[in-house]
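Structure record follows, encoded as structure tokens.
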Amino acid sequence: MQMPRILKRIVLSISLFFLAGCSDWHPMFATPENPDFFFGWDEGADSNEFWTHFDPMWGPLDGGIVGGARWHGNVIYLGDALDADFGSAFPQSSGTSALYFALGHTVQSEVLFDFFAAKDIRFDLRIRDDFDIQCFDVNGATVVNRRVPGSWYSGGVALYPNGGAPRPVPLQQIALNARGVRRCLLTGRGGILDDFRYRVDRNDLELSCVGDLGENRVTRGEELTCTVEGSAASDSIEIETWKFTGTDSRGQPYVYPEDEDGPVTDNPWRGKMVLSGKIKVRATINGGQPKEKEAQISVVARSWEGEPVDSEVTKISFSEFPADRRPPVYPSEVRDLGRTHLTWETLPLSADVAEQISDYGPNHYLIYFKRVPVKLSAQVLVHPELEGRGTFWRQQASRQPDYSQQPVCVQGQFDRYVQLVLAHEGYPPTPQSHSGIFISEVRRLAGPAVEGLVFPDLARAELSDEVVRRLRTVAVQAFTAADEPVDRDHAVPFGCKFNFEQR
Amino acid sequence: MTRYMGIAALVAVTGFSCAPLAAQAGERADPRLRNDCRLATQVLQTGQPAPRREWALEVIRRCDQSGPAALAAFWRSGAPENAAELDQLFNATRSFNDRSVVDAVAEVARRGTATETTRIYAFALLFSYAVPGWYIEIADLLRPRETPARMSAVTHDASARSTRAVLGDLRPEVSAILQSVVEAEPNSRVAGAAETVLRWLRDF
């Protein structure tokens, strides 16, 4: 049994009309490829004479999936079916083009909009009896409640004349204007539903994250501000939660907030950033379905150039070493005339060294280094024989001999020699001295070594071990650079030869 | 002055004092020193008289002939257990680049019957033999995480230069000793200290 050609033509033409003329309206059952998409079922208990000649081709449908749309019983799920090819599920010969309700039976259909909430709904309706339409938003609140009058009689003329061919029930275009429609209940006594269309808010979530380096970029330790809004100033945004996901220095995933933290609903969401990662927001616009937006945030390393390192250079004497009461032995070569005791020490992870972020921002709970957690000391010693007027002093010439081809070191210059030794050892530190190179090497290497260290607060002990491991490597490099290379490249410029013989 | 500073000071001064050790008038040439060394050796062997132990550890450092054997024996049989005496023993021992001393210290490092503290000092001493001129913070080994990690080095360290020349590169040997302790030692404190020293060693 075929649907009357005239009816089919009417439905088709109306569908085409809407497709061609209303770009704001999105077809539900129709697509440009198949403008007369249809969707239908029959309760299988149709006894109404008007519809009986349509019924045999439908057969009972009590559930199934067509092109991504689902229905079960009287419930139609339209959520993912906006581009579904419903027509392919039916034989071309069926010629169906609309959703039919059994005439004469009270039918309650529920249309679910699983996609983001529609702003306006409209559809075509051919009904004999009155139809009740009630729509609800995501919270179950009624946003549409109206009765559409039936067309059992049209202008006083019976549509179903006895013994004659049925006359088409006039088509009504039903438009429901409401925001946030989640589902509609259609209750009536049979008819044809067709050409569902929807219109959604054009407003979309707009997420913007700005750091000191611009959009989505921030220097480690600086603040990032993320704001979400709709496209219209009047849009009402309700944030369900923000979420940051990244990977800490251990390679472990870091997420904030976790479930136990509860949702973060600030707008804007801001905080210090130390870890690159993804910021995601889940929010509703004007009470619609929740939507998500995300942004990839890049945390850029600090340069550490010019950053100070705790260091102290002192000159000490043997008398300041009560642990050893013996006089030092007589010097036997130039390198015995001075010495520097270099010490490297890590600092405790106090708040001014390793800051724990606690601003409830994206990197809440993370620890990073604000300063290089190291302290250096250099203790410079000059051999007492060079500083005093003892045996070593007496062994040197009192004046430059006339016959000597190579200058000899003389007694009258001892104060200058002491100054040269101090300069070589690095008191005060200079770029050519042992202590100076030691400090500058640590300063150059230590910052970058700790830059990327970002651990959660619960892994403080691990962080402590890791920073020691990294800075230990730095210490070895700095010690090595400050030792023999200094003697080789920046030898003490005495300009004379000492007499190391001891008589 | 902290224990560390004491050791550091001794180490620094030892650098000055040890460089020309061979050039000093040794036991053979100095009858008085020879006599002191004999007495010091006796004190270290017997432990008596107890008040003279500190004196003995000071003297033995200058005993170029009898010192290494006396110290090796002392490590094996009478190594002290308290940190103050171990500091002295550490510095006295470090004055000698002698294979018998290294072997004795290594034996204590491996020996499970030695006290925790004694073994940890042995680890630190082995480190300074393996990486001459570098000194590890013993307090950091004794009380990990309670004290900051610390390391020191001394420029113009004649002792360090002679260590490598006399004993060769001891890093592989010391690493193997420490690794065996890390793997087999049931005492977590001792194993942890060995692991810390081993980590330092790997950076060189």
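Scheme for the structure tokens: letters A, B, ... for chains in order shown; per-chain residue numbers from 1; ligand numbers from 1 in order shown.
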- Query: Once you count only C-alpha atoms, which residues of chain A turn out to be within 8 Å of chain B? Could you give them as a PyMOL selection string?
  - Reply: chain A and resi 318+321+323-324+328-332+335-336+338-348+434+468-469+472-473+476+479+483-484
- Task: With a distance cut-off of 7 Å and only C-alpha atoms, select the neighbouring residues of Pro132 (chain B), excluding the residue or stretch itself and same-chain residues fewer than 4 positions from it, and output the selection as an MDAnalysis selection string.
- Result: chainID B and resid 128 160 163:164
Write a file of the selected residues as a PDB file, in the first residue's frame, keeping all heavy atoms.
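Below you can see out_37.pdb, which holds the result:
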ATOM      1  N   SER B 128      87.317   8.984  48.954  1.00  0.00           N
ATOM      2  CA  SER B 128      88.402   9.959  48.787  1.00  0.00           C
ATOM      3  C   SER B 128      89.641   9.320  48.155  1.00  0.00           C
ATOM      4  O   SER B 128      90.462  10.018  47.562  1.00  0.00           O
ATOM      5  CB  SER B 128      88.750  10.618  50.121  1.00  0.00           C
ATOM      6  OG  SER B 128      89.335   9.677  50.984  1.00  0.00           O
ATOM      7  N   ALA B 160      96.138  14.568  46.653  1.00  0.00           N
ATOM      8  CA  ALA B 160      95.268  13.980  45.638  1.00  0.00           C
ATOM      9  C   ALA B 160      96.076  13.550  44.423  1.00  0.00           C
ATOM     10  O   ALA B 160      95.855  12.483  43.855  1.00  0.00           O
ATOM     11  CB  ALA B 160      94.199  14.986  45.220  1.00  0.00           C
ATOM     12  N   THR B 163      97.943  10.407  45.225  1.00  0.00           N
ATOM     13  CA  THR B 163      97.090   9.229  45.413  1.00  0.00           C
ATOM     14  C   THR B 163      96.882   8.501  44.102  1.00  0.00           C
ATOM     15  O   THR B 163      97.076   7.285  44.006  1.00  0.00           O
ATOM     16  CB  THR B 163      95.715   9.644  45.971  1.00  0.00           C
ATOM     17  OG1 THR B 163      95.898  10.271  47.225  1.00  0.00           O
ATOM     18  CG2 THR B 163      94.813   8.428  46.136  1.00  0.00           C
ATOM     19  N   ARG B 164      96.488   9.246  43.090  1.00  0.00           N
ATOM     20  CA  ARG B 164      96.233   8.615  41.794  1.00  0.00           C
ATOM     21  C   ARG B 164      97.532   8.028  41.224  1.00  0.00           C
ATOM     22  O   ARG B 164      97.526   6.945  40.633  1.00  0.00           O
ATOM     23  CB  ARG B 164      95.645   9.656  40.848  1.00  0.00           C
ATOM     24  CG  ARG B 164      95.182   9.142  39.506  1.00  0.00           C
ATOM     25  CD  ARG B 164      94.126   8.062  39.595  1.00  0.00           C
ATOM     26  NE  ARG B 164      92.861   8.416  40.202  1.00  0.00           N
ATOM     27  CZ  ARG B 164      91.849   9.013  39.560  1.00  0.00           C
ATOM     28  NH1 ARG B 164      91.974   9.373  38.323  1.00  0.00           N
ATOM     29  NH2 ARG B 164      90.717   9.244  40.192  1.00  0.00           N
TER      30      ARG B 164
END
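Nearest to Gly211 (chain A) of all the residues A:Ser303, A:Thr142, A:Ser298, A:Gln477 is A:Ser298, counting only C-alpha atoms.
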- Task: List every residue of region 115-203 of chain B that DSSP, applied to the backbone of this structure, assigns to alpha helix (DSSP H), and report them as JSON, numbers by chain.
- Result: {"B": [116, 117, 118, 119, 120, 121, 122, 123, 124, 125, 126, 127, 128, 129, 130, 138, 139, 140, 141, 142, 158, 159, 160, 161, 162, 163, 164, 165, 166, 167, 171, 172, 173, 174, 175, 176, 177, 178, 179, 180, 181, 182, 183, 184, 188, 189, 190, 191, 192, 193, 194, 195, 196, 197, 198, 199, 200, 201, 202]}
May I have the selected residues written with C-alpha atoms, as a PDB file, in the first residue's frame?
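Saved result, part35.pdb, follows:
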ATOM      1  CA  GLU B 116      77.352   1.088  61.149  1.00  0.00           C
ATOM      2  CA  THR B 117      79.265   4.277  61.827  1.00  0.00           C
ATOM      3  CA  THR B 118      82.655   2.686  61.295  1.00  0.00           C
ATOM      4  CA  ARG B 119      81.592   1.225  57.985  1.00  0.00           C
ATOM      5  CA  ILE B 120      80.131   4.530  56.819  1.00  0.00           C
ATOM      6  CA  TYR B 121      83.435   6.249  57.575  1.00  0.00           C
ATOM      7  CA  ALA B 122      85.125   3.510  55.588  1.00  0.00           C
ATOM      8  CA  PHE B 123      82.849   4.264  52.628  1.00  0.00           C
ATOM      9  CA  ALA B 124      83.765   7.936  52.772  1.00  0.00           C
ATOM     10  CA  LEU B 125      87.436   7.115  52.984  1.00  0.00           C
ATOM     11  CA  LEU B 126      87.242   4.785  50.017  1.00  0.00           C
ATOM     12  CA  PHE B 127      85.548   7.576  48.104  1.00  0.00           C
ATOM     13  CA  SER B 128      88.402   9.959  48.787  1.00  0.00           C
ATOM     14  CA  TYR B 129      90.851   7.335  47.578  1.00  0.00           C
ATOM     15  CA  ALA B 130      88.807   6.745  44.453  1.00  0.00           C
ATOM     16  CA  ILE B 138      80.099  12.161  56.317  1.00  0.00           C
ATOM     17  CA  ALA B 139      77.240  13.695  58.277  1.00  0.00           C
ATOM     18  CA  ASP B 140      75.135  13.373  55.151  1.00  0.00           C
ATOM     19  CA  LEU B 141      75.875   9.665  55.144  1.00  0.00           C
ATOM     20  CA  LEU B 142      75.269   9.233  58.839  1.00  0.00           C
ATOM     21  CA  ALA B 158      99.263  17.457  46.339  1.00  0.00           C
ATOM     22  CA  SER B 159      97.918  14.522  48.268  1.00  0.00           C
ATOM     23  CA  ALA B 160      95.268  13.980  45.638  1.00  0.00           C
ATOM     24  CA  ARG B 161      97.813  14.044  42.863  1.00  0.00           C
ATOM     25  CA  SER B 162     100.008  11.517  44.562  1.00  0.00           C
ATOM     26  CA  THR B 163      97.090   9.229  45.413  1.00  0.00           C
ATOM     27  CA  ARG B 164      96.233   8.615  41.794  1.00  0.00           C
ATOM     28  CA  ALA B 165      99.927   8.264  40.939  1.00  0.00           C
ATOM     29  CA  VAL B 166     100.635   5.753  43.673  1.00  0.00           C
ATOM     30  CA  LEU B 167      97.418   3.756  43.865  1.00  0.00           C
ATOM     31  CA  ARG B 171      87.058   4.000  41.063  1.00  0.00           C
ATOM     32  CA  PRO B 172      86.153   0.609  39.559  1.00  0.00           C
ATOM     33  CA  GLU B 173      87.299  -1.239  42.644  1.00  0.00           C
ATOM     34  CA  VAL B 174      85.553   1.046  45.099  1.00  0.00           C
ATOM     35  CA  SER B 175      82.403   1.047  42.994  1.00  0.00           C
ATOM     36  CA  ALA B 176      82.356  -2.740  43.050  1.00  0.00           C
ATOM     37  CA  ILE B 177      82.747  -2.805  46.832  1.00  0.00           C
ATOM     38  CA  LEU B 178      79.951  -0.305  47.337  1.00  0.00           C
ATOM     39  CA  GLN B 179      77.724  -2.053  44.841  1.00  0.00           C
ATOM     40  CA  SER B 180      78.129  -5.335  46.675  1.00  0.00           C
ATOM     41  CA  VAL B 181      77.168  -3.621  49.917  1.00  0.00           C
ATOM     42  CA  VAL B 182      74.130  -2.035  48.317  1.00  0.00           C
ATOM     43  CA  GLU B 183      72.985  -5.364  46.963  1.00  0.00           C
ATOM     44  CA  ALA B 184      73.639  -7.581  49.952  1.00  0.00           C
ATOM     45  CA  SER B 188      69.239  -0.247  55.346  1.00  0.00           C
ATOM     46  CA  ARG B 189      71.199   2.628  56.877  1.00  0.00           C
ATOM     47  CA  VAL B 190      74.498   1.138  55.815  1.00  0.00           C
ATOM     48  CA  ALA B 191      73.160   0.169  52.407  1.00  0.00           C
ATOM     49  CA  GLY B 192      71.738   3.672  51.945  1.00  0.00           C
ATOM     50  CA  ALA B 193      75.061   5.296  52.769  1.00  0.00           C
ATOM     51  CA  ALA B 194      76.844   2.993  50.346  1.00  0.00           C
ATOM     52  CA  GLU B 195      74.330   3.880  47.670  1.00  0.00           C
ATOM     53  CA  THR B 196      74.823   7.602  48.246  1.00  0.00           C
ATOM     54  CA  VAL B 197      78.588   7.293  47.893  1.00  0.00           C
ATOM     55  CA  LEU B 198      78.108   5.129  44.841  1.00  0.00           C
ATOM     56  CA  ARG B 199      75.899   7.791  43.248  1.00  0.00           C
ATOM     57  CA  TRP B 200      78.551  10.411  43.839  1.00  0.00           C
ATOM     58  CA  LEU B 201      81.173   8.135  42.380  1.00  0.00           C
ATOM     59  CA  ARG B 202      79.175   7.644  39.214  1.00  0.00           C
TER      60      ARG B 202
END
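The list of residues with at least one atom within 12 Å of Arg76 (chain B), based on only C-alpha atoms and without residues fewer than 6 positions apart in the same chain, reads Leu44, Gln45, Ala69, Ala70, Ser100, Val101, Val102, Asp103, Ala104, Val105, Ala106, Glu107, Val108, Ala109, Arg110, Arg111, Thr113, Ala114, Thr118, Arg119 and Ala122 of chain B.
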